[in-house]
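Below is one structure, written out as structure tokens; comments come after it.
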Amino acid sequence: MKKIAIFASGSGTNAQRITEYFSDNDNVEITLILSNKKDAYVLERAKKLDVPSIVFDRDDFYNSDKVFDILISREIDFIVLAGFLWLVPVNILKKFHNRIINIHPALLPKFGGKGMYGDKVHKAVIENKETETGISIHFVNEKYDEGKIIFQTKFNIENDDTPDSIAQKIHKLEYEHFPKVIEDVVRRME
């Protein structure tokens with residue numbers, strides 16, 4: 001059984017979808033949800049899904065081994081970032097090399113990097129008159145959104161698309177593809 005920890009900072013819709021996807025899986029289990037925000041709605045979702053959750057702060061993450069030790073003690077095999085906006089510390093990156101997966105709401109390498117998340121991405125896509133956008137699922141390294149791309153899918157932007165309508169289309173792609181790609185990566189690592 002491969003154990004996955006999900007890091008999330010927001011509402012947790014992807015975390016919920018991933019957890020539900022693996023709920024009947026004999027090979028993969030979502031065993032922990034971690035958040036850097038004590039009021040993130042993902043923590044409520046974790047309770048409803050009966051998944052243990054832990055809240056940590058910047059000091060826990062960057063200036064101590066607290067989060068690292070939690071991952072080791074829980075025997076975590078993979079980490080999934082689902083709306084988590086902090087860079088992952090080097091000690092975790094080394095221990096989980098090519099076993100940390102992130103999703104980004106654009107076609108990387110475009111519209112990635114520090115500060116490019118959520119509606120900021122969709123607004124930039126429209127402002128730059130892009131004709132298409134989509135999602136990128138990638139391994140995590142020491143830089144924002146620069147890890148090796150595992151999967152991308154896209155759609156054409158319509159003339160009447162807004163940041164909100166693009167966000168809805170992006171979410172649909174995320175829910176459809178993210179759990180399947182995670183499953184494929186975990187299977188390949190066995």
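FYI, nothing fancy with the structure tokens labels: chains A, B, ... in order, residues from 1 per chain, ligands from 1 as they appear.
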
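Scanning stretch 27-134 of chain A with DSSP on the backbone, the strand (DSSP E) assignments fall on A:Val28, A:Glu29, A:Ile30, A:Thr31, A:Leu32, A:Ile33, A:Leu34, A:Ser35, A:Ser53, A:Ile54, A:Val55, A:Phe78, A:Ile79, A:Val80, A:Leu81, A:Ile100, A:Ile101, A:Asn102, A:Ile103, A:His104, A:Glu132, A:Thr133, A:Gly134.
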
Problem set entry | A:Asn128 environment, 12 Å, only C-alpha atoms, sequence neighbours closer than 4 positions dropped, as a PyMOL selection string | chain A and resi 110-111+121-124+132-133+157

For this session: Please identify which residues in stretch 32-177 of chain A DSSP calls helix (DSSP H, G or I) from the backbone, and express them as a PyMOL selection string.
Result: chain A and resi 42-49+58-62+66-73+90-95+119-127+163-177

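Nearest residue to A:Phe56 among A:Tyr21, A:Asn156, A:Asn27, A:Phe7 is A:Phe7, counting only C-alpha atoms.
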
Can you tell me which residues surround stretch 143-152 of chain A at a distance of at most 8 Å, considering only C-alpha atoms, apart from same-chain residues fewer than 5 positions away, and format the answer as a PDB file with N, CA and C atoms, in the first residue's frame?
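This went into around_34.pdb:
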ATOM      1  N   LEU A  87       7.186  26.992  -1.466  1.00  0.00           N
ATOM      2  CA  LEU A  87       8.242  26.123  -1.971  1.00  0.00           C
ATOM      3  C   LEU A  87       8.520  25.022  -0.948  1.00  0.00           C
ATOM      4  N   HIS A 104      -0.710  22.695 -11.860  1.00  0.00           N
ATOM      5  CA  HIS A 104      -0.699  24.139 -12.131  1.00  0.00           C
ATOM      6  C   HIS A 104      -1.771  24.452 -13.170  1.00  0.00           C
ATOM      7  N   LEU A 107      -0.548  26.112 -18.992  1.00  0.00           N
ATOM      8  CA  LEU A 107       0.348  25.269 -19.778  1.00  0.00           C
ATOM      9  C   LEU A 107       1.786  25.729 -19.549  1.00  0.00           C
ATOM     10  N   LEU A 108       2.413  25.137 -18.546  1.00  0.00           N
ATOM     11  CA  LEU A 108       3.804  25.489 -18.260  1.00  0.00           C
ATOM     12  C   LEU A 108       4.682  25.196 -19.472  1.00  0.00           C
ATOM     13  N   PRO A 109       5.736  25.956 -19.707  1.00  0.00           N
ATOM     14  CA  PRO A 109       6.348  26.904 -18.798  1.00  0.00           C
ATOM     15  C   PRO A 109       5.687  28.288 -18.761  1.00  0.00           C
ATOM     16  N   GLY A 112       3.804  30.411 -15.124  1.00  0.00           N
ATOM     17  CA  GLY A 112       4.187  29.754 -13.881  1.00  0.00           C
ATOM     18  C   GLY A 112       5.094  30.659 -13.081  1.00  0.00           C
ATOM     19  N   GLY A 113       5.498  30.187 -11.929  1.00  0.00           N
ATOM     20  CA  GLY A 113       6.432  30.913 -11.091  1.00  0.00           C
ATOM     21  C   GLY A 113       5.775  31.550  -9.891  1.00  0.00           C
ATOM     22  N   LYS A 114       6.585  32.193  -9.091  1.00  0.00           N
ATOM     23  CA  LYS A 114       6.118  32.808  -7.847  1.00  0.00           C
ATOM     24  C   LYS A 114       4.996  33.811  -8.133  1.00  0.00           C
ATOM     25  N   GLY A 134      -4.706  25.416 -20.188  1.00  0.00           N
ATOM     26  CA  GLY A 134      -4.999  24.072 -19.691  1.00  0.00           C
ATOM     27  C   GLY A 134      -4.339  23.843 -18.357  1.00  0.00           C
ATOM     28  N   ILE A 135      -4.000  22.587 -18.090  1.00  0.00           N
ATOM     29  CA  ILE A 135      -3.357  22.235 -16.829  1.00  0.00           C
ATOM     30  C   ILE A 135      -2.021  21.556 -17.103  1.00  0.00           C
ATOM     31  N   SER A 136      -1.132  21.689 -16.133  1.00  0.00           N
ATOM     32  CA  SER A 136       0.154  20.996 -16.163  1.00  0.00           C
ATOM     33  C   SER A 136       0.315  20.275 -14.832  1.00  0.00           C
ATOM     34  N   ILE A 137       0.647  19.010 -14.906  1.00  0.00           N
ATOM     35  CA  ILE A 137       0.964  18.233 -13.717  1.00  0.00           C
ATOM     36  C   ILE A 137       2.457  17.927 -13.805  1.00  0.00           C
ATOM     37  N   HIS A 138       3.201  18.237 -12.737  1.00  0.00           N
ATOM     38  CA  HIS A 138       4.654  18.143 -12.815  1.00  0.00           C
ATOM     39  C   HIS A 138       5.254  17.698 -11.489  1.00  0.00           C
ATOM     40  N   VAL A 181      -3.467  10.718 -13.100  1.00  0.00           N
ATOM     41  CA  VAL A 181      -2.031  10.912 -13.298  1.00  0.00           C
ATOM     42  C   VAL A 181      -1.269  10.504 -12.041  1.00  0.00           C
TER      43      VAL A 181
END

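Atom pair atom CA of A:Ile170 / atom CA of A:Pro105: separated by 6.4 Å.
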
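The shell of residues at most 12 Å from A:Asp60, with only C-alpha atoms counted and near chain neighbours (fewer than 3 positions) removed, consists of Leu34, Ser35, Asn36, Ile54, Val55, Phe56, Asp57, Asn63, Ser64, Asp65, Lys66, Val67, Phe68, Asp69, Ile70 and Pro89 of chain A.
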
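Contact shell of A:Asp26 at 12 Å (only C-alpha atoms; same-chain neighbours under 6 positions omitted): A:Met1, A:Lys2, A:Lys3, A:Glu183.
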
For this session: Kindly indicate which residue among A:Phe84, A:Phe96, A:Pro163, A:Val186 lies nearest to A:Ile72, using only C-alpha atoms for the distances.
Result: A:Phe96

Problem set entry | Å distance separating atom CA of A:Ser53 from atom CA of A:Lys38, one decimal place | 10.4 Å

Problem set entry | For A:Val51: contacts at 7 Å, only C-alpha atoms, fewer than 5 positions along chain excluded, given as a ChimeraX atom specification | /A:31-33,46

Problem set entry | All residues 8 Å or closer to A:Ile30, only C-alpha atoms, same chain fewer than 4 positions away omitted, as a list in words | Lys3, Ile4, Ala5, Ile6, Thr19, Phe22, Ser23 and Val51 of chain A
